[in-house]
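**Q** structure.txt is reproduced in full below (compact mmCIF, N, CA and C atoms and all ligand atoms).
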```txt
# COMPACT_ATOMS: atom_id res chain seq x y z
N MET A 1 -7.69 3.60 13.70
CA MET A 1 -7.36 3.71 12.27
C MET A 1 -6.05 4.48 12.13
N LYS A 2 -5.11 3.89 11.36
CA LYS A 2 -3.84 4.58 11.12
C LYS A 2 -3.58 4.70 9.62
N PHE A 3 -3.09 5.86 9.21
CA PHE A 3 -2.70 6.09 7.82
C PHE A 3 -1.21 6.36 7.71
N TYR A 4 -0.59 5.82 6.67
CA TYR A 4 0.74 6.25 6.25
C TYR A 4 0.53 7.16 5.05
N ILE A 5 1.33 8.20 4.94
CA ILE A 5 1.20 9.11 3.80
C ILE A 5 2.57 9.37 3.17
N ALA A 6 2.60 9.41 1.84
CA ALA A 6 3.82 9.76 1.13
C ALA A 6 3.44 10.42 -0.19
N THR A 7 4.36 11.18 -0.74
CA THR A 7 4.11 11.90 -1.98
C THR A 7 5.39 11.90 -2.82
N ASP A 8 5.32 12.56 -3.98
CA ASP A 8 6.56 12.97 -4.64
C ASP A 8 6.58 14.49 -4.62
N HIS A 9 7.50 15.12 -5.36
CA HIS A 9 7.60 16.59 -5.34
C HIS A 9 6.33 17.24 -5.88
N ALA A 10 5.60 16.52 -6.75
CA ALA A 10 4.39 17.08 -7.35
C ALA A 10 3.17 16.92 -6.45
N GLY A 11 3.34 16.25 -5.30
CA GLY A 11 2.22 16.05 -4.39
C GLY A 11 2.50 16.58 -3.00
N VAL A 12 3.71 17.05 -2.78
CA VAL A 12 4.13 17.40 -1.41
C VAL A 12 3.40 18.62 -0.85
N ARG A 13 2.91 19.49 -1.74
CA ARG A 13 2.23 20.70 -1.22
C ARG A 13 0.90 20.35 -0.54
N TYR A 14 0.30 19.26 -0.93
CA TYR A 14 -0.98 18.87 -0.30
C TYR A 14 -0.79 18.04 0.97
N LYS A 15 0.43 17.60 1.21
CA LYS A 15 0.62 16.60 2.28
C LYS A 15 0.19 17.13 3.65
N ASP A 16 0.61 18.35 4.00
CA ASP A 16 0.28 18.87 5.33
C ASP A 16 -1.23 19.06 5.48
N ALA A 17 -1.88 19.53 4.42
CA ALA A 17 -3.33 19.73 4.48
C ALA A 17 -4.05 18.41 4.69
N VAL A 18 -3.58 17.37 4.00
CA VAL A 18 -4.21 16.05 4.14
C VAL A 18 -3.95 15.48 5.54
N LYS A 19 -2.75 15.70 6.04
CA LYS A 19 -2.45 15.24 7.41
C LYS A 19 -3.38 15.92 8.41
N GLU A 20 -3.63 17.20 8.22
CA GLU A 20 -4.53 17.96 9.10
C GLU A 20 -5.97 17.41 9.01
N MET A 21 -6.38 17.05 7.78
CA MET A 21 -7.73 16.48 7.61
C MET A 21 -7.86 15.20 8.44
N LEU A 22 -6.79 14.42 8.49
CA LEU A 22 -6.84 13.15 9.23
C LEU A 22 -6.74 13.37 10.74
N THR A 23 -5.76 14.18 11.16
CA THR A 23 -5.57 14.36 12.60
C THR A 23 -6.77 15.07 13.24
N SER A 24 -7.43 15.96 12.48
CA SER A 24 -8.60 16.65 13.04
C SER A 24 -9.77 15.67 13.24
N ARG A 25 -9.67 14.49 12.61
CA ARG A 25 -10.67 13.43 12.81
C ARG A 25 -10.15 12.36 13.76
N ASN A 26 -9.10 12.73 14.52
CA ASN A 26 -8.49 11.80 15.50
C ASN A 26 -7.94 10.53 14.85
N ILE A 27 -7.45 10.67 13.64
CA ILE A 27 -6.85 9.54 12.94
C ILE A 27 -5.34 9.72 12.96
N GLU A 28 -4.64 8.65 13.37
CA GLU A 28 -3.18 8.70 13.43
C GLU A 28 -2.60 8.70 12.02
N VAL A 29 -1.58 9.52 11.79
CA VAL A 29 -0.96 9.56 10.47
C VAL A 29 0.56 9.61 10.60
N GLU A 30 1.23 8.75 9.85
CA GLU A 30 2.70 8.74 9.85
C GLU A 30 3.19 9.21 8.48
N ASP A 31 4.00 10.24 8.51
CA ASP A 31 4.50 10.89 7.30
C ASP A 31 5.80 10.22 6.84
N LEU A 32 5.77 9.63 5.65
CA LEU A 32 6.94 8.93 5.13
C LEU A 32 7.72 9.79 4.13
N GLY A 33 7.39 11.06 4.06
CA GLY A 33 8.14 11.99 3.23
C GLY A 33 7.58 12.14 1.82
N PRO A 34 8.25 12.95 1.01
CA PRO A 34 9.45 13.73 1.28
C PRO A 34 9.12 14.98 2.12
N PHE A 35 10.17 15.67 2.56
CA PHE A 35 9.95 16.80 3.47
C PHE A 35 10.37 18.14 2.87
N ASN A 36 10.56 18.15 1.55
CA ASN A 36 10.77 19.42 0.84
C ASN A 36 10.30 19.20 -0.60
N THR A 37 10.44 20.21 -1.43
CA THR A 37 9.91 20.12 -2.80
C THR A 37 10.98 19.70 -3.82
N ASP A 38 12.13 19.22 -3.36
CA ASP A 38 13.15 18.74 -4.30
C ASP A 38 12.58 17.58 -5.13
N ARG A 39 13.02 17.50 -6.39
CA ARG A 39 12.52 16.46 -7.29
C ARG A 39 12.91 15.06 -6.77
N VAL A 40 11.92 14.18 -6.71
CA VAL A 40 12.16 12.78 -6.29
C VAL A 40 11.40 11.87 -7.25
N ASP A 41 11.63 10.57 -7.12
CA ASP A 41 10.96 9.60 -8.00
C ASP A 41 9.80 8.94 -7.25
N TYR A 42 8.59 9.08 -7.83
CA TYR A 42 7.39 8.56 -7.14
C TYR A 42 7.46 7.06 -6.81
N PRO A 43 8.12 6.19 -7.62
CA PRO A 43 8.11 4.77 -7.23
C PRO A 43 8.78 4.51 -5.87
N ASP A 44 9.79 5.34 -5.53
CA ASP A 44 10.47 5.15 -4.23
C ASP A 44 9.50 5.37 -3.07
N TYR A 45 8.67 6.40 -3.19
CA TYR A 45 7.74 6.71 -2.10
C TYR A 45 6.51 5.80 -2.11
N ALA A 46 6.10 5.39 -3.30
CA ALA A 46 4.98 4.44 -3.38
C ALA A 46 5.38 3.13 -2.70
N LYS A 47 6.61 2.69 -2.98
CA LYS A 47 7.09 1.43 -2.39
C LYS A 47 7.17 1.52 -0.86
N LYS A 48 7.72 2.65 -0.40
CA LYS A 48 7.86 2.86 1.05
C LYS A 48 6.50 2.78 1.76
N CYS A 49 5.51 3.46 1.20
CA CYS A 49 4.18 3.50 1.81
C CYS A 49 3.49 2.14 1.68
N ALA A 50 3.60 1.52 0.52
CA ALA A 50 2.92 0.23 0.31
C ALA A 50 3.49 -0.84 1.24
N ILE A 51 4.79 -0.83 1.44
CA ILE A 51 5.40 -1.81 2.35
C ILE A 51 4.97 -1.54 3.80
N ALA A 52 4.90 -0.27 4.16
CA ALA A 52 4.45 0.08 5.52
C ALA A 52 3.02 -0.42 5.76
N VAL A 53 2.15 -0.22 4.78
CA VAL A 53 0.75 -0.67 4.92
C VAL A 53 0.68 -2.19 4.94
N ARG A 54 1.46 -2.83 4.05
CA ARG A 54 1.48 -4.31 4.02
C ARG A 54 1.92 -4.87 5.38
N ASP A 55 2.92 -4.25 5.99
CA ASP A 55 3.49 -4.78 7.23
C ASP A 55 2.75 -4.36 8.50
N ASP A 56 1.80 -3.45 8.37
CA ASP A 56 1.03 -2.99 9.53
C ASP A 56 -0.44 -3.30 9.25
N LYS A 57 -0.80 -4.54 9.59
CA LYS A 57 -2.13 -5.04 9.25
C LYS A 57 -3.25 -4.12 9.75
N GLY A 58 -4.17 -3.80 8.86
CA GLY A 58 -5.31 -2.96 9.25
C GLY A 58 -5.06 -1.48 9.02
N SER A 59 -3.84 -1.13 8.62
CA SER A 59 -3.54 0.28 8.36
C SER A 59 -3.91 0.64 6.92
N PHE A 60 -3.87 1.94 6.63
CA PHE A 60 -4.19 2.45 5.29
C PHE A 60 -3.10 3.41 4.83
N GLY A 61 -3.15 3.75 3.54
CA GLY A 61 -2.16 4.67 3.01
C GLY A 61 -2.77 5.71 2.10
N ILE A 62 -2.08 6.83 1.99
CA ILE A 62 -2.43 7.87 1.02
C ILE A 62 -1.17 8.22 0.24
N LEU A 63 -1.27 8.17 -1.08
CA LEU A 63 -0.15 8.50 -1.96
C LEU A 63 -0.58 9.60 -2.92
N ILE A 64 0.21 10.66 -2.97
CA ILE A 64 -0.12 11.80 -3.83
C ILE A 64 1.05 12.09 -4.77
N CYS A 65 0.75 12.17 -6.06
CA CYS A 65 1.75 12.67 -7.01
C CYS A 65 1.04 13.67 -7.92
N GLY A 66 1.58 13.96 -9.07
CA GLY A 66 0.94 14.95 -9.94
C GLY A 66 -0.44 14.51 -10.37
N THR A 67 -0.53 13.28 -10.84
CA THR A 67 -1.81 12.75 -11.32
C THR A 67 -2.39 11.65 -10.43
N GLY A 68 -1.54 11.04 -9.62
CA GLY A 68 -1.93 9.86 -8.83
C GLY A 68 -1.70 8.57 -9.60
N ILE A 69 -1.46 8.68 -10.89
CA ILE A 69 -1.35 7.47 -11.73
C ILE A 69 -0.08 6.68 -11.41
N GLY A 70 1.06 7.36 -11.41
CA GLY A 70 2.32 6.66 -11.15
C GLY A 70 2.33 6.02 -9.78
N MET A 71 1.82 6.74 -8.78
CA MET A 71 1.78 6.20 -7.42
C MET A 71 0.93 4.93 -7.37
N SER A 72 -0.22 4.94 -8.06
CA SER A 72 -1.10 3.77 -7.99
C SER A 72 -0.48 2.58 -8.71
N ILE A 73 0.13 2.83 -9.87
CA ILE A 73 0.76 1.72 -10.59
C ILE A 73 1.87 1.11 -9.75
N ALA A 74 2.71 1.96 -9.16
CA ALA A 74 3.85 1.47 -8.39
C ALA A 74 3.41 0.75 -7.12
N ALA A 75 2.47 1.32 -6.38
CA ALA A 75 2.04 0.71 -5.11
C ALA A 75 1.42 -0.66 -5.33
N ASN A 76 0.72 -0.82 -6.47
CA ASN A 76 0.08 -2.11 -6.75
C ASN A 76 1.07 -3.22 -7.09
N LYS A 77 2.34 -2.87 -7.25
CA LYS A 77 3.38 -3.89 -7.48
C LYS A 77 3.78 -4.59 -6.18
N VAL A 78 3.43 -4.01 -5.04
CA VAL A 78 3.76 -4.64 -3.76
C VAL A 78 2.69 -5.67 -3.44
N LYS A 79 3.13 -6.89 -3.27
CA LYS A 79 2.21 -8.02 -3.06
C LYS A 79 1.28 -7.76 -1.86
N GLY A 80 0.01 -7.97 -2.08
CA GLY A 80 -0.96 -7.80 -0.99
C GLY A 80 -1.62 -6.44 -0.98
N ILE A 81 -1.11 -5.53 -1.82
CA ILE A 81 -1.62 -4.16 -1.79
C ILE A 81 -2.66 -3.92 -2.89
N ARG A 82 -3.72 -3.20 -2.49
CA ARG A 82 -4.72 -2.72 -3.45
C ARG A 82 -4.76 -1.20 -3.32
N ALA A 83 -4.16 -0.54 -4.30
CA ALA A 83 -4.09 0.92 -4.30
C ALA A 83 -5.04 1.44 -5.38
N ALA A 84 -5.89 2.40 -5.00
CA ALA A 84 -6.92 2.89 -5.92
C ALA A 84 -6.74 4.36 -6.24
N LEU A 85 -6.72 4.66 -7.52
CA LEU A 85 -6.67 6.06 -7.98
C LEU A 85 -8.09 6.61 -7.96
N CYS A 86 -8.32 7.62 -7.13
CA CYS A 86 -9.68 8.15 -6.97
C CYS A 86 -9.76 9.61 -7.39
N HIS A 87 -10.91 9.97 -7.94
CA HIS A 87 -11.09 11.32 -8.46
C HIS A 87 -12.16 12.11 -7.70
N ASP A 88 -12.97 11.40 -6.91
CA ASP A 88 -14.08 12.07 -6.23
C ASP A 88 -14.58 11.15 -5.10
N ALA A 89 -15.57 11.64 -4.35
CA ALA A 89 -16.08 10.87 -3.21
C ALA A 89 -16.65 9.52 -3.65
N TYR A 90 -17.29 9.50 -4.83
CA TYR A 90 -17.90 8.25 -5.28
C TYR A 90 -16.84 7.18 -5.55
N THR A 91 -15.78 7.56 -6.27
CA THR A 91 -14.76 6.55 -6.56
C THR A 91 -14.04 6.11 -5.28
N ALA A 92 -13.89 7.03 -4.33
CA ALA A 92 -13.25 6.66 -3.05
C ALA A 92 -14.14 5.70 -2.26
N GLU A 93 -15.44 5.95 -2.27
CA GLU A 93 -16.39 5.06 -1.57
C GLU A 93 -16.35 3.66 -2.20
N MET A 94 -16.38 3.63 -3.53
CA MET A 94 -16.36 2.32 -4.22
C MET A 94 -15.02 1.61 -4.04
N ALA A 95 -13.95 2.37 -3.99
CA ALA A 95 -12.62 1.76 -3.80
C ALA A 95 -12.57 0.97 -2.50
N LYS A 96 -13.26 1.47 -1.47
CA LYS A 96 -13.29 0.76 -0.19
C LYS A 96 -14.39 -0.30 -0.21
N ALA A 97 -15.61 0.06 -0.63
CA ALA A 97 -16.76 -0.86 -0.55
C ALA A 97 -16.59 -2.06 -1.47
N HIS A 98 -16.19 -1.83 -2.70
CA HIS A 98 -16.14 -2.93 -3.68
C HIS A 98 -14.75 -3.53 -3.84
N ASN A 99 -13.72 -2.72 -3.69
CA ASN A 99 -12.36 -3.20 -3.97
C ASN A 99 -11.51 -3.39 -2.72
N ASN A 100 -12.05 -3.02 -1.56
CA ASN A 100 -11.32 -3.15 -0.29
C ASN A 100 -9.89 -2.60 -0.41
N ALA A 101 -9.79 -1.44 -1.03
CA ALA A 101 -8.47 -0.81 -1.21
C ALA A 101 -7.93 -0.37 0.14
N GLN A 102 -6.61 -0.56 0.31
CA GLN A 102 -5.98 -0.06 1.54
C GLN A 102 -5.30 1.28 1.30
N ILE A 103 -4.99 1.56 0.02
CA ILE A 103 -4.27 2.81 -0.28
C ILE A 103 -5.06 3.65 -1.27
N LEU A 104 -5.18 4.91 -0.91
CA LEU A 104 -5.89 5.91 -1.72
C LEU A 104 -4.83 6.73 -2.45
N CYS A 105 -4.98 6.85 -3.78
CA CYS A 105 -4.05 7.66 -4.56
C CYS A 105 -4.83 8.76 -5.26
N PHE A 106 -4.23 9.94 -5.33
CA PHE A 106 -4.86 11.00 -6.12
C PHE A 106 -3.80 12.01 -6.55
N GLY A 107 -4.20 12.91 -7.45
CA GLY A 107 -3.25 13.83 -8.05
C GLY A 107 -3.44 15.27 -7.58
N GLU A 108 -2.34 15.84 -7.12
CA GLU A 108 -2.38 17.25 -6.68
C GLU A 108 -2.62 18.20 -7.85
N ARG A 109 -2.17 17.78 -9.07
CA ARG A 109 -2.36 18.64 -10.23
C ARG A 109 -3.76 18.49 -10.84
N VAL A 110 -4.55 17.58 -10.25
CA VAL A 110 -5.85 17.25 -10.83
C VAL A 110 -7.01 17.73 -9.96
N LEU A 111 -6.83 17.65 -8.64
CA LEU A 111 -7.94 17.90 -7.71
C LEU A 111 -7.72 19.11 -6.82
N GLY A 112 -8.81 19.77 -6.48
CA GLY A 112 -8.77 20.82 -5.48
C GLY A 112 -8.85 20.20 -4.09
N LEU A 113 -8.48 20.99 -3.07
CA LEU A 113 -8.46 20.43 -1.71
C LEU A 113 -9.85 20.09 -1.18
N GLY A 114 -10.87 20.78 -1.68
CA GLY A 114 -12.24 20.44 -1.25
C GLY A 114 -12.62 19.04 -1.71
N THR A 115 -12.26 18.72 -2.94
CA THR A 115 -12.53 17.37 -3.45
C THR A 115 -11.70 16.34 -2.69
N VAL A 116 -10.45 16.69 -2.39
CA VAL A 116 -9.59 15.77 -1.63
C VAL A 116 -10.23 15.46 -0.28
N GLU A 117 -10.77 16.48 0.37
CA GLU A 117 -11.39 16.25 1.69
C GLU A 117 -12.60 15.33 1.56
N SER A 118 -13.38 15.51 0.49
CA SER A 118 -14.56 14.64 0.32
C SER A 118 -14.13 13.20 0.00
N ILE A 119 -13.02 13.05 -0.69
CA ILE A 119 -12.47 11.71 -0.98
C ILE A 119 -12.07 11.02 0.33
N ILE A 120 -11.35 11.75 1.16
CA ILE A 120 -10.88 11.17 2.42
C ILE A 120 -12.06 10.81 3.32
N GLU A 121 -13.00 11.72 3.41
CA GLU A 121 -14.21 11.49 4.21
C GLU A 121 -14.92 10.21 3.76
N ALA A 122 -15.11 10.07 2.45
CA ALA A 122 -15.80 8.88 1.91
C ALA A 122 -15.00 7.62 2.21
N PHE A 123 -13.71 7.68 2.03
CA PHE A 123 -12.87 6.49 2.23
C PHE A 123 -12.89 6.04 3.69
N ILE A 124 -12.77 6.98 4.62
CA ILE A 124 -12.71 6.57 6.03
C ILE A 124 -14.07 6.12 6.57
N ASN A 125 -15.14 6.59 5.94
CA ASN A 125 -16.48 6.25 6.45
C ASN A 125 -17.12 5.05 5.76
N THR A 126 -16.40 4.42 4.86
CA THR A 126 -16.98 3.29 4.12
C THR A 126 -16.32 2.00 4.55
N LYS A 127 -17.12 0.95 4.64
CA LYS A 127 -16.58 -0.37 5.00
C LYS A 127 -16.59 -1.28 3.77
N PRO A 128 -15.64 -2.21 3.69
CA PRO A 128 -15.65 -3.16 2.57
C PRO A 128 -16.91 -4.02 2.61
N GLU A 129 -17.48 -4.29 1.45
CA GLU A 129 -18.70 -5.12 1.40
C GLU A 129 -18.35 -6.59 1.21
N ASP A 130 -19.13 -7.43 1.90
CA ASP A 130 -18.92 -8.88 1.78
C ASP A 130 -19.61 -9.41 0.53
N GLY A 131 -19.70 -10.73 0.45
CA GLY A 131 -20.44 -11.36 -0.65
C GLY A 131 -19.67 -11.29 -1.95
N ARG A 132 -20.38 -10.92 -3.02
CA ARG A 132 -19.75 -10.97 -4.35
C ARG A 132 -18.53 -10.05 -4.44
N HIS A 133 -18.55 -8.95 -3.69
CA HIS A 133 -17.42 -8.02 -3.78
C HIS A 133 -16.16 -8.59 -3.13
N SER A 134 -16.31 -9.19 -1.95
CA SER A 134 -15.12 -9.77 -1.32
C SER A 134 -14.62 -10.97 -2.11
N ALA A 135 -15.52 -11.70 -2.75
CA ALA A 135 -15.10 -12.84 -3.59
C ALA A 135 -14.27 -12.34 -4.77
N ARG A 136 -14.67 -11.21 -5.34
CA ARG A 136 -13.90 -10.65 -6.46
C ARG A 136 -12.53 -10.14 -6.00
N VAL A 137 -12.51 -9.56 -4.81
CA VAL A 137 -11.20 -9.10 -4.27
C VAL A 137 -10.29 -10.31 -4.07
N GLU A 138 -10.85 -11.41 -3.58
CA GLU A 138 -10.04 -12.63 -3.44
C GLU A 138 -9.49 -13.08 -4.79
N LYS A 139 -10.30 -12.94 -5.83
CA LYS A 139 -9.82 -13.31 -7.18
C LYS A 139 -8.68 -12.39 -7.62
N ILE A 140 -8.78 -11.11 -7.27
CA ILE A 140 -7.68 -10.20 -7.61
C ILE A 140 -6.39 -10.68 -6.93
N MET A 141 -6.50 -11.00 -5.64
CA MET A 141 -5.31 -11.38 -4.89
C MET A 141 -4.75 -12.71 -5.39
N ALA A 142 -5.61 -13.57 -5.89
CA ALA A 142 -5.16 -14.87 -6.42
C ALA A 142 -4.30 -14.70 -7.67
N ILE A 143 -4.47 -13.58 -8.36
CA ILE A 143 -3.63 -13.31 -9.56
C ILE A 143 -2.16 -13.22 -9.16
N GLU A 144 -1.92 -12.82 -7.91
CA GLU A 144 -0.52 -12.69 -7.44
C GLU A 144 0.17 -14.04 -7.25
N GLU A 145 -0.63 -15.10 -7.14
CA GLU A 145 -0.02 -16.41 -6.84
C GLU A 145 0.60 -17.03 -8.09
C1 LIG B 201 6.11 14.22 -11.89
O1 LIG B 201 6.37 15.21 -12.83
C2 LIG B 201 4.90 13.37 -12.33
O2 LIG B 201 5.25 12.60 -13.43
C3 LIG B 201 4.42 12.51 -11.19
O3 LIG B 201 4.13 13.30 -10.09
C4 LIG B 201 3.17 11.69 -11.44
O4 LIG B 201 2.14 12.47 -11.95
C5 LIG B 201 3.36 10.42 -12.14
O5 LIG B 201 2.44 9.64 -12.35
```
Would you write out, as structure tokens, the structure that this file holds?
**A**
Amino acid sequence: MKFYIATDHAGVRYKDAVKEMLTSRNIEVEDLGPFNTDRVDYPDYAKKCAIAVRDDKGSFGILICGTGIGMSIAANKVKGIRAALCHDAYTAEMAKAHNNAQILCFGERVLGLGTVESIIEAFINTKPEDGRHSARVEKIMAIEE
């Protein structure tokens, strides 16, 4: 399992902690920046991460901004990407099980690190469900055509 991670200035403080959560579980993580707290535009980093995930089949992404909203809207503009804004372990579990999301988005200004860890744990331990859920995901992807 490999994750790409990116943030904006409002999410960069959580980036190292999230990377540690992944590496301590023997999960590979590639940091796409930014590498300081200077103001940046979240669509630039959402695009970078979404393209990396799209081009590396089977990989996942984590995008963090102030709320997670801008990152999720921007990442979902990249064809083939399903980015889910999650607030807790339940939404993270459903994002994988029902929506087969490849990218997890959340807000540093919204969540504590304990909740973030439970979100990551749920996302990595859940598998996409077949049947009606995969059929619905196919319908989502067909909207892109
Ligand atoms: C930056 O101030 C903030 O707008 C951004 O991090 C994010 O919350 C946007 O959705």
**Q** Pick out the residues no farther than 8 Å from ligand LIG 201 (chain B), counting only N, CA and C atoms and all ligand atoms, and list them as a list in words.
**A** Thr7, Asp8, His9, Ala10, Gly11, Val40, Asp41, Tyr42, Pro43, Ile64, Cys65, Gly66, Thr67, Gly68, Ile69, Gly70, Met71, Ser72, Ile73, Gly107, Glu108 and Arg109 of chain A
**Q** If DSSP is run on the backbone, what residues of chain A are helix (DSSP H, G or I)? A reply as a ChimeraX atom specification would be ideal.
**A** /A:12-23,42-55,69-75,89-97,113-124,132-142
**Q** Quick one: of A:Lys96, A:Ala74, A:Glu145, A:Ala52, who's nearest to A:Lys127, counting all atoms listed in the file?
**A**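 Looking only at the distances to A:Lys127, the closest residue turns out to be A:Lys96.
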**Q** Which is closer to A:Ile103 than all the others in A:Tyr14, A:Lys79, A:Asn26, A:Val53, using all atoms listed in the file?
**A**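 Closest candidate: A:Val53.
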**Q** May I have the residues within 8 Å of A:Ile27 as a list in words, using all atoms listed in the file and disregarding those fewer than 5 positions away in the same chain?
**A**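 Once the adjacent positions are removed, what remains is Met1, Lys2, Phe3, Lys19, Met21 and Leu22 of chain A.
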**Q** Which residue gives the smallest distance to A:Val137 among A:Asn100, A:Arg54, A:Ser24, A:Ile120, with all atoms listed in the file counted?
**A**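 So, comparing all the options, the nearest one is A:Asn100.
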**Q** Report the distance between atom C of A:Gly61 and atom N of A:Lys47 in Å, rounded to one decimal place.
**A** 11.1 Å
**Q** Give, as lines of an AutoDock Vina configuration file, the centre coordinates and the x, y and z edge lengths in Å to one decimal for an axis-aligned box around all listed atoms of stretch 29-47 of chain A, padded by 3 Å on each side.
**A**
```
center_x = 5.8
center_y = 10.8
center_z = 1.9
size_x = 20.7
size_y = 24.8
size_z = 25.8
```
**Q** Record the distance separating atom C of A:Gly80 and atom CA of A:Leu63, expressed in Å with one decimal.
**A**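 Straight-line distance from atom C of A:Gly80 to atom CA of A:Leu63 works out to 15.0 Å.
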**Q** Calculate how many Å separate atom C of A:His98 from atom C of A:Phe60, rounding to one decimal.
**A** 16.1 Å
**Q** Could you give me, as a ChimeraX atom specification, the residues that sit within 12 Å of (-9.1, -1.1, -4.3) in the file's coordinates, counting only C-alpha atoms?
**A** /A:60-61,72,75-76,80-86,91-105,123,127-129,133-134,136-138,140-141
**Q** I need the strand (DSSP E or B) residues of stretch 14-112 of chain A per DSSP on the backbone, written as a list in words.
**A**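 Residues meeting the strand (DSSP E or B) criterion: Glu28, Val29, Glu30, Asp31, Phe60, Gly61, Ile62, Leu63, Ile64, Cys65, Ala83, Ala84, Leu85, Ile103, Leu104, Cys105, Phe106 and Gly107 of chain A.
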